[in-house]
$ cat upload-v2.txt   # compact mmCIF, C-alpha atoms and all ligand atoms
# COMPACT_ATOMS: atom_id res chain seq x y z
CA MET K 2 45.88 1.98 30.97
CA PRO K 3 43.15 3.84 32.87
CA GLY K 4 43.04 2.92 36.58
CA ARG K 5 40.01 1.79 38.59
CA GLY K 6 39.26 5.35 39.82
CA SER K 7 39.34 6.72 36.31
CA ARG K 8 37.00 3.95 35.03
CA GLU K 9 34.52 4.70 37.86
CA LYS K 10 34.66 8.41 36.94
CA GLN K 11 33.93 7.57 33.29
CA PHE K 12 31.06 5.33 34.35
CA ARG K 13 29.60 8.03 36.67
CA THR K 14 29.81 10.65 33.86
CA ALA K 15 28.12 8.30 31.38
CA PHE K 16 25.41 7.41 33.91
CA ARG K 17 24.74 11.13 34.66
CA ARG K 18 24.43 11.77 30.90
CA PHE K 19 22.03 8.86 30.58
CA LEU K 20 19.87 10.20 33.47
CA SER K 21 19.72 13.69 31.99
CA PHE K 22 18.85 12.21 28.54
CA THR K 23 15.98 10.15 29.94
CA ALA K 24 14.75 13.11 32.05
CA ASN K 25 14.57 15.30 28.91
CA GLN K 26 12.94 12.66 26.77
CA SER K 27 9.49 11.90 28.07
CA PRO K 28 7.97 8.99 26.12
CA ALA K 29 5.43 11.45 24.69
CA SER K 30 8.19 13.57 23.11
CA ILE K 31 9.54 10.70 21.02
CA PRO K 32 6.94 9.77 18.41
CA PRO K 33 6.67 5.99 18.34
CA MET K 34 7.85 4.24 15.21
CA ARG K 35 7.48 0.68 13.98
CA THR K 36 9.85 -0.88 11.49
CA VAL K 37 8.81 -3.86 9.40
CA ARG K 38 11.44 -5.75 7.40
CA VAL K 39 10.69 -7.20 3.98
CA SER K 40 13.16 -10.09 3.73
CA LEU K 41 14.25 -10.59 0.14
CA GLY K 42 17.97 -11.41 0.43
CA ASP K 43 20.13 -8.59 -0.91
CA ARG K 44 16.97 -6.70 -1.95
CA SER K 45 15.58 -6.64 1.60
CA TYR K 46 14.27 -3.33 2.87
CA ASN K 47 12.58 -1.61 5.77
CA ILE K 48 9.13 -0.11 6.03
CA HIS K 49 9.13 2.63 8.66
CA VAL K 50 5.70 3.50 10.07
CA GLY K 51 5.17 6.45 12.40
CA ASN K 52 4.65 10.17 12.82
CA GLY K 53 7.14 12.90 11.88
CA LEU K 54 9.11 10.75 9.44
CA LEU K 55 9.03 12.94 6.30
CA PRO K 56 11.49 15.53 7.70
CA ARG K 57 13.93 12.63 8.19
CA LEU K 58 13.65 11.38 4.61
CA GLY K 59 17.21 12.53 3.76
CA GLU K 60 18.56 10.42 6.64
CA TYR K 61 16.73 7.30 5.43
CA CYS K 62 17.94 7.84 1.86
CA ARG K 63 21.52 8.24 3.14
CA GLN K 64 21.18 4.96 5.04
CA SER K 65 20.13 3.32 1.78
CA LYS K 66 23.36 4.57 0.14
CA LEU K 67 21.68 6.23 -2.81
CA GLY K 68 23.33 8.55 -5.38
CA GLU K 69 23.11 12.32 -5.19
CA ARG K 70 20.58 13.23 -7.88
CA CYS K 71 16.95 12.27 -7.50
CA ALA K 72 13.47 13.00 -8.83
CA VAL K 73 10.45 13.31 -6.57
CA ILE K 74 7.46 12.17 -8.61
CA THR K 75 4.26 13.44 -7.05
CA ASP K 76 0.83 14.69 -8.13
CA SER K 77 -1.11 17.93 -8.23
CA ASN K 78 -2.99 17.08 -4.98
CA VAL K 79 0.00 16.07 -2.91
CA ALA K 80 2.61 18.57 -4.17
CA PRO K 81 1.06 21.67 -2.52
CA HIS K 82 1.14 19.94 0.89
CA TYR K 83 4.38 17.97 0.89
CA ALA K 84 6.70 18.77 -2.05
CA ASP K 85 8.56 21.60 -0.26
CA ARG K 86 9.03 19.58 2.92
CA THR K 87 10.32 16.65 0.90
CA ILE K 88 12.78 18.79 -1.03
CA ARG K 89 14.02 20.38 2.21
CA ALA K 90 14.55 17.00 3.85
CA LEU K 91 16.42 15.69 0.80
CA ARG K 92 18.66 18.76 0.55
CA GLN K 93 19.45 18.43 4.26
CA GLY K 94 20.56 14.88 3.49
CA GLY K 95 22.92 16.23 0.79
CA PHE K 96 20.78 15.21 -2.22
CA VAL K 97 19.98 17.17 -5.40
CA PRO K 98 16.25 16.69 -5.96
CA LYS K 99 13.88 17.77 -8.71
CA VAL K 100 10.09 17.67 -8.42
CA VAL K 101 8.03 16.13 -11.23
CA THR K 102 4.31 16.80 -10.74
CA ILE K 103 1.73 14.76 -12.62
CA VAL K 104 -2.00 15.40 -12.82
CA ALA K 105 -3.75 13.68 -9.89
CA GLY K 106 -5.94 10.70 -10.79
CA GLU K 107 -5.92 7.21 -12.27
CA GLY K 108 -5.68 8.75 -15.77
CA SER K 109 -1.99 9.43 -15.08
CA LYS K 110 -1.18 5.74 -14.87
CA SER K 111 -0.56 5.90 -18.62
CA LEU K 112 2.23 5.47 -21.16
CA LYS K 113 1.93 9.19 -21.90
CA ALA K 114 2.65 10.14 -18.27
CA VAL K 115 5.55 7.65 -18.20
CA ALA K 116 7.10 9.32 -21.28
CA GLU K 117 6.69 12.77 -19.68
CA CYS K 118 8.48 11.56 -16.53
CA TYR K 119 11.36 10.06 -18.58
CA ASP K 120 11.89 13.44 -20.27
CA GLN K 121 12.04 15.22 -16.93
CA LEU K 122 14.43 12.65 -15.49
CA ALA K 123 16.70 13.08 -18.50
CA ALA K 124 16.51 16.90 -18.19
CA HIS K 125 17.62 16.59 -14.54
CA ARG K 126 20.49 14.31 -15.69
CA LEU K 127 19.54 11.32 -13.57
CA GLU K 128 22.11 8.54 -13.92
CA ARG K 129 22.46 4.90 -12.83
CA ARG K 130 23.01 5.67 -9.13
CA SER K 131 20.26 8.29 -9.04
CA PHE K 132 16.86 7.46 -7.63
CA VAL K 133 13.16 8.19 -7.83
CA ILE K 134 10.99 9.06 -4.84
CA ALA K 135 7.30 8.25 -5.19
CA LEU K 136 5.52 10.85 -3.03
CA GLY K 137 1.78 10.23 -3.08
CA GLY K 138 -0.88 7.56 -3.25
CA GLY K 139 -1.23 4.38 -5.26
CA VAL K 140 -1.29 6.06 -8.68
CA VAL K 141 1.95 7.95 -8.00
CA GLY K 142 3.60 4.88 -6.46
CA ASP K 143 2.70 2.64 -9.38
CA LEU K 144 3.66 5.18 -12.05
CA ALA K 145 6.86 6.43 -10.37
CA GLY K 146 7.80 2.83 -9.61
CA TYR K 147 7.37 1.85 -13.25
CA VAL K 148 9.45 4.84 -14.34
CA ALA K 149 12.19 3.82 -11.86
CA ALA K 150 12.00 0.19 -12.99
CA THR K 151 12.59 1.08 -16.64
CA TYR K 152 14.59 4.32 -16.82
CA LEU K 153 18.20 3.44 -17.71
CA ARG K 154 17.07 -0.21 -17.33
CA GLY K 155 16.21 0.43 -13.71
CA ILE K 156 17.25 2.88 -11.01
CA SER K 157 16.51 2.88 -7.28
CA LEU K 158 13.12 3.69 -5.85
CA VAL K 159 12.02 5.10 -2.49
CA GLN K 160 8.33 4.92 -1.63
CA VAL K 161 6.80 7.70 0.48
CA PRO K 162 3.11 6.77 0.46
CA THR K 163 0.74 9.52 1.62
CA THR K 164 -2.61 7.69 1.52
CA LEU K 165 -3.80 4.95 3.84
CA LEU K 166 -4.28 2.60 0.89
CA SER K 167 -0.77 3.08 -0.44
CA GLN K 168 0.76 2.81 3.05
CA VAL K 169 -0.78 -0.58 3.74
CA ASP K 170 -0.63 -2.02 0.25
CA SER K 171 0.67 -0.55 -2.98
CA SER K 172 3.96 0.93 -1.70
CA VAL K 173 5.06 -2.46 -0.38
CA GLY K 174 5.98 -5.51 -2.43
CA GLY K 175 7.42 -4.07 -5.63
CA LYS K 176 4.45 -4.25 -7.99
CA VAL K 177 4.58 -1.19 -10.25
CA GLY K 178 2.77 -0.46 -13.47
CA ILE K 179 0.31 1.45 -15.56
CA ASN K 180 -3.10 0.88 -17.14
CA LEU K 181 -4.11 0.30 -20.73
CA LYS K 182 -7.54 1.15 -22.10
CA SER K 183 -8.29 -2.57 -22.07
CA GLY K 184 -7.45 -3.13 -18.42
CA LYS K 185 -5.83 -2.12 -15.18
CA ASN K 186 -2.12 -2.66 -14.50
CA LEU K 187 -1.61 -4.57 -17.74
CA VAL K 188 1.91 -3.16 -18.21
CA GLY K 189 4.29 -3.33 -15.28
CA ALA K 190 7.22 -4.83 -13.45
CA PHE K 191 8.38 -6.08 -10.07
CA HIS K 192 10.72 -3.41 -8.72
CA GLN K 193 11.28 -3.41 -4.97
CA PRO K 194 11.91 -0.08 -3.23
CA LYS K 195 15.04 0.59 -1.16
CA VAL K 196 12.95 1.83 1.75
CA VAL K 197 9.31 2.71 2.45
CA ILE K 198 8.50 5.71 4.66
CA CYS K 199 4.90 5.72 5.94
CA ASP K 200 4.55 9.06 7.70
CA LEU K 201 1.13 8.90 9.34
CA ASP K 202 1.11 12.73 9.61
CA THR K 203 0.51 12.86 5.85
CA LEU K 204 -2.89 11.22 6.36
CA ALA K 205 -4.12 14.42 8.05
CA THR K 206 -4.64 16.14 4.68
CA LEU K 207 -6.31 13.14 3.04
CA PRO K 208 -9.97 13.79 2.08
CA THR K 209 -12.43 11.63 4.04
CA ARG K 210 -13.49 9.59 1.02
CA GLU K 211 -9.87 8.72 0.15
CA TYR K 212 -9.07 7.89 3.76
CA ARG K 213 -12.06 5.58 4.05
CA ALA K 214 -11.15 3.88 0.78
CA GLY K 215 -7.94 2.69 2.48
CA PHE K 216 -10.08 0.50 4.73
CA GLY K 217 -10.96 -1.59 1.68
CA GLU K 218 -7.40 -2.95 1.84
CA VAL K 219 -7.04 -2.80 5.65
CA ILE K 220 -10.14 -4.97 6.18
CA LYS K 221 -8.92 -7.32 3.44
CA TYR K 222 -5.80 -8.13 5.52
CA GLY K 223 -7.95 -9.21 8.44
CA LEU K 224 -10.13 -11.31 6.18
CA ILE K 225 -7.29 -13.09 4.36
CA LYS K 226 -4.76 -13.64 7.14
CA ASP K 227 -5.56 -12.36 10.59
CA ALA K 228 -8.86 -13.02 12.36
CA GLU K 229 -7.60 -11.11 15.40
CA LEU K 230 -6.97 -8.01 13.26
CA PHE K 231 -10.49 -8.40 11.82
CA CYS K 232 -11.97 -8.42 15.35
CA ARG K 233 -9.79 -5.45 16.35
CA LEU K 234 -11.11 -3.53 13.33
CA GLU K 235 -14.69 -4.36 14.32
CA LYS K 236 -13.93 -2.97 17.81
CA GLU K 237 -11.73 0.03 16.98
CA LEU K 238 -13.18 1.19 13.66
CA GLY K 239 -14.60 4.40 15.20
CA ASP K 240 -11.18 5.47 16.56
CA LEU K 241 -9.50 4.48 13.33
CA LEU K 242 -11.95 6.48 11.23
CA ASN K 243 -11.16 9.44 13.53
CA ARG K 244 -7.48 8.90 12.60
CA ASN K 245 -6.45 8.15 16.20
CA PRO K 246 -2.62 7.98 15.87
CA SER K 247 -1.95 5.30 18.49
CA LYS K 248 -4.53 2.93 16.99
CA LEU K 249 -3.47 3.76 13.46
CA ILE K 250 0.22 3.00 13.89
CA ASN K 251 -0.54 -0.51 15.12
CA VAL K 252 -2.99 -1.27 12.34
CA VAL K 253 -0.82 0.14 9.53
CA ALA K 254 2.26 -1.69 10.86
CA ARG K 255 0.27 -4.93 11.19
CA CYS K 256 -1.01 -4.70 7.59
CA CYS K 257 2.54 -4.00 6.37
CA ALA K 258 3.85 -6.96 8.39
CA ILE K 259 1.27 -9.29 6.81
CA LYS K 260 2.15 -8.05 3.35
CA ALA K 261 5.90 -8.28 4.07
CA GLU K 262 5.54 -11.90 5.16
CA ILE K 263 3.54 -12.83 2.06
CA VAL K 264 5.88 -11.00 -0.35
CA ALA K 265 8.96 -12.55 1.28
CA ALA K 266 7.43 -16.00 0.78
CA ASP K 267 6.25 -15.46 -2.82
CA GLU K 268 7.61 -12.28 -4.38
CA MET K 269 6.58 -13.11 -7.96
CA GLU K 270 3.05 -14.24 -7.14
CA ASN K 271 3.37 -17.88 -8.11
CA GLY K 272 1.13 -18.98 -5.24
CA LEU K 273 0.58 -17.48 -1.80
CA ARG K 274 0.82 -13.83 -2.92
CA LYS K 275 -2.37 -14.35 -4.89
CA ILE K 276 -4.30 -14.12 -1.62
CA LEU K 277 -3.66 -10.36 -1.65
CA ASN K 278 -6.02 -10.26 -4.62
CA PHE K 279 -9.08 -11.22 -2.59
CA GLY K 280 -11.94 -9.15 -4.02
CA HIS K 281 -9.72 -7.78 -6.79
CA THR K 282 -10.90 -9.91 -9.75
CA ILE K 283 -14.38 -8.41 -9.62
CA GLY K 284 -13.07 -5.14 -8.11
CA HIS K 285 -10.65 -4.44 -10.98
CA ALA K 286 -13.35 -5.33 -13.50
CA ILE K 287 -15.70 -2.81 -11.84
CA GLU K 288 -13.00 -0.15 -12.16
CA THR K 289 -12.53 -0.97 -15.84
CA VAL K 290 -16.27 -0.99 -16.62
CA PHE K 291 -16.84 2.36 -14.90
CA GLY K 292 -13.75 3.94 -16.47
CA TYR K 293 -11.67 4.37 -13.25
CA ASP K 294 -13.69 7.51 -12.41
CA LYS K 295 -16.73 6.43 -10.46
CA TYR K 296 -15.03 4.24 -7.87
CA LEU K 297 -11.76 4.62 -6.00
CA HIS K 298 -9.74 1.40 -5.91
CA GLY K 299 -10.61 0.76 -2.25
CA GLU K 300 -14.29 1.22 -3.03
CA ALA K 301 -14.27 -1.11 -6.03
CA ILE K 302 -12.52 -3.86 -4.08
CA SER K 303 -14.99 -3.39 -1.23
CA ILE K 304 -17.79 -4.44 -3.60
CA GLY K 305 -15.47 -7.10 -5.06
CA GLN K 306 -14.82 -8.55 -1.59
CA VAL K 307 -18.51 -8.82 -0.77
CA ALA K 308 -19.09 -10.57 -4.11
CA ALA K 309 -16.10 -12.87 -3.47
CA ALA K 310 -17.46 -13.64 0.00
CA HIS K 311 -20.82 -14.67 -1.49
CA LEU K 312 -18.98 -16.84 -4.00
CA SER K 313 -16.97 -18.31 -1.10
CA ALA K 314 -20.13 -19.16 0.83
CA ARG K 315 -21.29 -21.07 -2.26
CA LEU K 316 -17.98 -22.81 -3.08
CA THR K 317 -16.21 -23.24 0.29
CA GLU K 318 -17.34 -23.67 3.88
CA LEU K 319 -17.50 -19.90 4.60
CA GLU K 320 -20.44 -19.29 6.91
CA PRO K 321 -23.15 -16.80 5.86
CA LYS K 322 -22.54 -15.06 9.23
CA SER K 323 -18.96 -14.28 8.12
CA VAL K 324 -20.22 -12.81 4.83
CA SER K 325 -22.49 -10.51 6.87
CA ARG K 326 -19.64 -9.52 9.21
CA LEU K 327 -17.48 -8.56 6.23
CA ARG K 328 -20.27 -6.61 4.57
CA GLU K 329 -21.13 -4.79 7.82
CA LEU K 330 -17.52 -3.82 8.55
CA LEU K 331 -17.00 -2.46 5.04
CA GLU K 332 -20.29 -0.58 5.26
CA ARG K 333 -19.38 0.91 8.64
CA ALA K 334 -16.14 2.13 7.05
CA GLY K 335 -18.32 4.07 4.60
CA LEU K 336 -17.52 1.84 1.64
CA PRO K 337 -19.95 0.70 -1.07
CA VAL K 338 -21.02 -2.94 -0.82
CA SER K 339 -23.35 -3.12 -3.82
CA VAL K 340 -23.30 -2.12 -7.47
CA ASN K 341 -26.00 -1.52 -10.05
CA LEU K 342 -25.02 -3.07 -13.39
CA SER K 343 -26.99 -2.88 -16.62
CA THR K 344 -26.97 -5.99 -18.83
CA LYS K 345 -24.39 -4.28 -21.04
CA GLN K 346 -22.19 -3.46 -18.02
CA ARG K 347 -22.47 -7.06 -16.79
CA ASP K 348 -21.20 -8.31 -20.15
CA ALA K 349 -18.40 -5.75 -20.07
CA LEU K 350 -17.53 -6.89 -16.54
CA PHE K 351 -17.14 -10.50 -17.70
CA ASP K 352 -14.95 -9.31 -20.62
CA ALA K 353 -12.80 -7.27 -18.22
CA MET K 354 -12.42 -10.26 -15.84
CA ARG K 355 -11.20 -12.41 -18.74
CA LEU K 356 -8.55 -9.79 -19.56
CA ASP K 357 -7.32 -9.65 -15.97
CA LYS K 358 -3.69 -10.63 -15.35
CA LYS K 359 -4.90 -13.35 -13.00
CA VAL K 360 -6.47 -15.31 -15.88
CA THR K 361 -4.58 -18.46 -16.93
CA ALA K 362 -5.47 -20.52 -20.00
CA GLY K 363 -8.55 -18.35 -20.38
CA GLU K 364 -9.87 -19.33 -16.94
CA VAL K 365 -10.83 -16.74 -14.36
CA LYS K 366 -9.61 -17.94 -10.96
CA PHE K 367 -10.70 -16.57 -7.62
CA VAL K 368 -9.34 -16.16 -4.12
CA LEU K 369 -12.06 -17.44 -1.81
CA ALA K 370 -12.40 -17.26 1.96
CA SER K 371 -12.93 -20.44 3.94
CA ARG K 372 -13.30 -18.51 7.21
CA ILE K 373 -12.34 -15.07 8.49
CA GLY K 374 -8.53 -15.04 8.51
CA GLU K 375 -8.12 -17.87 6.01
CA VAL K 376 -8.40 -18.00 2.22
CA VAL K 377 -7.68 -20.38 -0.63
CA TRP K 378 -6.63 -19.36 -4.13
CA ASP K 379 -6.85 -20.53 -7.76
CA ARG K 380 -10.49 -21.56 -7.36
CA LYS K 381 -12.53 -21.81 -10.52
CA ALA K 382 -16.08 -20.54 -10.67
CA SER K 383 -18.59 -21.01 -13.47
CA ASP K 384 -20.21 -18.02 -15.17
CA ALA K 385 -23.47 -18.96 -13.45
CA GLU K 386 -21.77 -18.91 -10.02
CA ILE K 387 -20.17 -15.55 -10.78
CA ARG K 388 -23.56 -14.23 -11.92
CA GLY K 389 -25.01 -15.44 -8.61
CA ALA K 390 -22.34 -13.49 -6.69
CA LEU K 391 -23.10 -10.36 -8.75
CA ASP K 392 -26.81 -10.78 -7.99
CA ALA K 393 -25.91 -10.84 -4.30
CA VAL K 394 -24.28 -7.41 -4.59
CA LYS K 395 -27.16 -5.80 -6.46
CA PRO K 396 -28.59 -2.89 -4.48
CA ALA K 397 -31.79 -3.80 -2.64
CA ALA K 398 -34.83 -2.73 -4.72
N1 LIG Z 401 -1.68 -5.43 -4.22
C1 LIG Z 401 -1.45 -6.82 -4.37
C2 LIG Z 401 0.00 -7.20 -4.35
O1 LIG Z 401 0.86 -6.37 -4.10
O2 LIG Z 401 0.31 -8.34 -4.59

$ encode --input "upload-v2.txt" --output "structure tokens"
Amino acid sequence: MPGRGSREKQFRTAFRRFLSFTANQSPASIPPMRTVRVSLGDRSYNIHVGNGLLPRLGEYCRQSKLGERCAVITDSNVAPHYADRTIRALRQGGFVPKVVTIVAGEGSKSLKAVAECYDQLAAHRLERRSFVIALGGGVVGDLAGYVAATYLRGISLVQVPTTLLSQVDSSVGGKVGINLKSGKNLVGAFHQPKVVICDLDTLATLPTREYRAGFGEVIKYGLIKDAELFCRLEKELGDLLNRNPSKLINVVARCCAIKAEIVAADEMENGLRKILNFGHTIGHAIETVFGYDKYLHGEAISIGQVAAAHLSARLTELEPKSVSRLRELLERAGLPVSVNLSTKQRDALFDAMRLDKKVTAGEVKFVLASRIGEVVWDRKASDAEIRGALDAVKPAA
């Protein structure tokens, strides 16, 4: 048994080590990190948000107890910046990765791209314990997630979102899928990732337009669930648009926390999760009508949110002042808030809305805001009311 003197010596040595550790680690030298937990029983997982996380990807995959072989699915925009770093981090963690690069753009959310990925996974001999890493934005996350959900009846998935939009929304919650000609995300699955790594450093290479598009989803979180976040965005938008890291980490983590709470309460979107679709019924239809090329997702849902806010002012107690605040914030973020539709495009928009996944018994239902930070869902609107909302988002003559 060690005596009192020996215990004191051990304590003094440990204390000296602690002092030298703290002296060498100024707070500035440890990049801050936030971890958000998505609580889904034995499918629970962490979302890590911070700077300098990609080089530690191997560590996070090890913690998730994944098999050795893996495929990094990425696209032709992201691969030149981050594929090598990702491969290095995975090899350091003892993994055997292969990169699968798809053509960047919404066009790759297709059955053809899925089939190409399957072939590459088979060529790399991925097996049941192997896993897929989605390295990129929403398109990559949705496609790679769908591949992971279906290959060998489902293998593990790690999300490494590299756009603001995918960090706050599409990488979290397990929705994966692809588009058909007749509509967006019509084929898909719920397949939760094992871990989500949001390395804010990857936003540095994001083109301005793509970065700004992320605010379509960020602002949505304030509108649907957090009035305080909405006010913070009104105040800090300038810093956020300048990609200020200390402001960004708090906002990204807050959006992820809101989404985590909603997904944990209603993973399969039977009720509450529908609120995440605020602005999406009209937004998705705009994407379909314009062929996924003209508008980025964040831009289309920006217009969709303004239209939904006008509909809300008509059908709930949302004040006109709140509609203006939403429109102004989206506009300040550089997002479109109006759309010019020909009569033919209007008809096509109604057709697209009726094909949306959110339609039940042929009825288009909307998420509507009752005030900033609070929404209701499953609200019906007549064609005339929808037309009125579309008139409200016509560009001023
Ligand atoms: N992006 C909406 C959802 O994940 O439910």

$ residues_near_ligand --input "upload-v2.txt" --ligand "ligand LIG 401 (chain Z)" --cutoff "10 Å" --atoms "only C-alpha atoms and all ligand atoms" --output "VMD selection string"
chain K and resid 139 166 to 167 169 to 177 191 218 260 to 261 263 to 264 267 to 270 273 to 279 281

$ closest_residue --input "upload-v2.txt" --among "K:Glu107, K:Glu211, K:Glu237, K:Asp143" --to "Ile74 in chain K" --atoms "all atoms listed in the file"
K:Asp143

$ atom_distance --input "upload-v2.txt" --atom1 "CA of Arg210 in chain K" --atom2 "CA of Leu165 in chain K"
11.1 Å

$ closest_residue --input "upload-v2.txt" --among "K:Thr151, K:Ser77, K:Asn251, K:Thr317" --to "Pro33 in chain K" --atoms "all atoms listed in the file"
K:Asn251

$ closest_residue --input "upload-v2.txt" --among "K:Leu238, K:Arg355, K:Phe216, K:Ala149" --to "Glu300 in chain K" --atoms "only C-alpha atoms"
K:Phe216

$ residues_around --input "upload-v2.txt" --residues "Gly53 in chain K" --least-positions-apart "2" --cutoff "10 Å" --atoms "only C-alpha atoms" --output "list of chain:residue names"
K:Ile31, K:Pro32, K:Pro33, K:Met34, K:Val50, K:Gly51, K:Leu55, K:Pro56, K:Arg57, K:Leu58, K:Cys199, K:Asp200, K:Leu201, K:Asp202, K:Thr203

$ residues_near_point --input "upload-v2.txt" --point "(-7.7, -6.5, -17.2)" --cutoff "7 Å" --atoms "only C-alpha atoms" --output "list of chain:residue names"
K:Ser183, K:Gly184, K:Lys185, K:Leu187, K:Ala286, K:Ala353, K:Met354, K:Leu356, K:Asp357, K:Lys358

$ write_last_selection --input "upload-v2.txt" --atoms "C-alpha atoms" --output "PDB file, in the coordinates of the input"
ATOM      1  CA  SER K 183      -8.290  -2.570 -22.070  1.00  0.00           C
ATOM      2  CA  GLY K 184      -7.450  -3.130 -18.420  1.00  0.00           C
ATOM      3  CA  LYS K 185      -5.830  -2.120 -15.180  1.00  0.00           C
ATOM      4  CA  LEU K 187      -1.610  -4.570 -17.740  1.00  0.00           C
ATOM      5  CA  ALA K 286     -13.350  -5.330 -13.500  1.00  0.00           C
ATOM      6  CA  ALA K 353     -12.800  -7.270 -18.220  1.00  0.00           C
ATOM      7  CA  MET K 354     -12.420 -10.260 -15.840  1.00  0.00           C
ATOM      8  CA  LEU K 356      -8.550  -9.790 -19.560  1.00  0.00           C
ATOM      9  CA  ASP K 357      -7.320  -9.650 -15.970  1.00  0.00           C
ATOM     10  CA  LYS K 358      -3.690 -10.630 -15.350  1.00  0.00           C
TER      11      LYS K 358
END

$ residues_near_point --input "upload-v2.txt" --point "(3.5, 15.6, -15.3)" --cutoff "9 Å" --atoms "all atoms listed in the file" --output "list in words"
Ile74, Thr75, Asp76, Ser77, Val101, Thr102, Ile103, Val104, Ser109, Ala114, Val115, Glu117, Cys118 and Gln121 of chain K

$ closest_residue --input "upload-v2.txt" --among "K:Ala393, K:Ala214, K:Ala310, K:Ala349" --to "Glu332 in chain K" --atoms "all atoms listed in the file"
K:Ala214

$ closest_residue --input "upload-v2.txt" --among "K:Thr344, K:Gln306, K:Ser111, K:Asn78" --to "Val324 in chain K" --atoms "only C-alpha atoms"
K:Gln306

$ residues_around --input "upload-v2.txt" --residues "range 41-47 of chain K" --least-positions-apart "2" --cutoff "9 Å" --atoms "all atoms listed in the file" --output "list in words"
Thr36, Val37, Arg38, Val39, His49, Ser65, Gln193, Pro194, Lys195, Val196, Val197, Ile198, Val264, Ala265, Ala266 and Glu268 of chain K

$ closest_residue --input "upload-v2.txt" --among "K:Arg255, K:Arg380, K:Arg372, K:Arg35" --to "Arg233 in chain K" --atoms "only C-alpha atoms"
K:Arg255

$ residues_around --input "upload-v2.txt" --residues "Ile373 in chain K" --least-positions-apart "6" --cutoff "9 Å" --atoms "all atoms listed in the file" --output "PyMOL selection string"
chain K and resi 223-228+231+319+323-324+327

$ atom_distance --input "upload-v2.txt" --atom1 "CA of Glu386 in chain K" --atom2 "CA of Val219 in chain K"
26.9 Å

$ atom_distance --input "upload-v2.txt" --atom1 "CA of Gly374 in chain K" --atom2 "CA of Asp392 in chain K"
25.0 Å

$ build_atoms --input "upload-v2.txt" --residues "range 309-320 of chain K" --atoms "N, CA and C atoms" --output "PDB file, in the coordinates of the input"
ATOM      1  N   ALA K 309     -16.964 -11.687  -3.664  1.00  0.00           N
ATOM      2  CA  ALA K 309     -16.100 -12.870  -3.470  1.00  0.00           C
ATOM      3  C   ALA K 309     -16.517 -13.658  -2.233  1.00  0.00           C
ATOM      4  N   ALA K 310     -17.003 -12.946  -1.218  1.00  0.00           N
ATOM      5  CA  ALA K 310     -17.460 -13.640   0.000  1.00  0.00           C
ATOM      6  C   ALA K 310     -18.708 -14.464  -0.301  1.00  0.00           C
ATOM      7  N   HIS K 311     -19.619 -13.904  -1.108  1.00  0.00           N
ATOM      8  CA  HIS K 311     -20.820 -14.670  -1.490  1.00  0.00           C
ATOM      9  C   HIS K 311     -20.422 -15.900  -2.298  1.00  0.00           C
ATOM     10  N   LEU K 312     -19.468 -15.710  -3.207  1.00  0.00           N
ATOM     11  CA  LEU K 312     -18.980 -16.840  -4.000  1.00  0.00           C
ATOM     12  C   LEU K 312     -18.343 -17.899  -3.077  1.00  0.00           C
ATOM     13  N   SER K 313     -17.623 -17.406  -2.066  1.00  0.00           N
ATOM     14  CA  SER K 313     -16.970 -18.310  -1.100  1.00  0.00           C
ATOM     15  C   SER K 313     -18.017 -19.124  -0.349  1.00  0.00           C
ATOM     16  N   ALA K 314     -19.100 -18.453   0.073  1.00  0.00           N
ATOM     17  CA  ALA K 314     -20.130 -19.160   0.830  1.00  0.00           C
ATOM     18  C   ALA K 314     -20.722 -20.284  -0.025  1.00  0.00           C
ATOM     19  N   ARG K 315     -20.740 -20.055  -1.344  1.00  0.00           N
ATOM     20  CA  ARG K 315     -21.290 -21.070  -2.260  1.00  0.00           C
ATOM     21  C   ARG K 315     -20.273 -22.195  -2.505  1.00  0.00           C
ATOM     22  N   LEU K 316     -18.984 -21.824  -2.612  1.00  0.00           N
ATOM     23  CA  LEU K 316     -17.980 -22.810  -3.080  1.00  0.00           C
ATOM     24  C   LEU K 316     -17.046 -23.343  -1.989  1.00  0.00           C
ATOM     25  N   THR K 317     -17.034 -22.716  -0.816  1.00  0.00           N
ATOM     26  CA  THR K 317     -16.210 -23.240   0.290  1.00  0.00           C
ATOM     27  C   THR K 317     -17.119 -23.342   1.519  1.00  0.00           C
ATOM     28  N   GLU K 318     -16.486 -23.530   2.683  1.00  0.00           N
ATOM     29  CA  GLU K 318     -17.340 -23.670   3.880  1.00  0.00           C
ATOM     30  C   GLU K 318     -17.555 -22.336   4.606  1.00  0.00           C
ATOM     31  N   LEU K 319     -17.302 -21.191   3.925  1.00  0.00           N
ATOM     32  CA  LEU K 319     -17.500 -19.900   4.600  1.00  0.00           C
ATOM     33  C   LEU K 319     -18.955 -19.752   5.068  1.00  0.00           C
ATOM     34  N   GLU K 320     -19.084 -19.396   6.354  1.00  0.00           N
ATOM     35  CA  GLU K 320     -20.440 -19.290   6.910  1.00  0.00           C
ATOM     36  C   GLU K 320     -21.116 -17.993   6.472  1.00  0.00           C
TER      37      GLU K 320
END
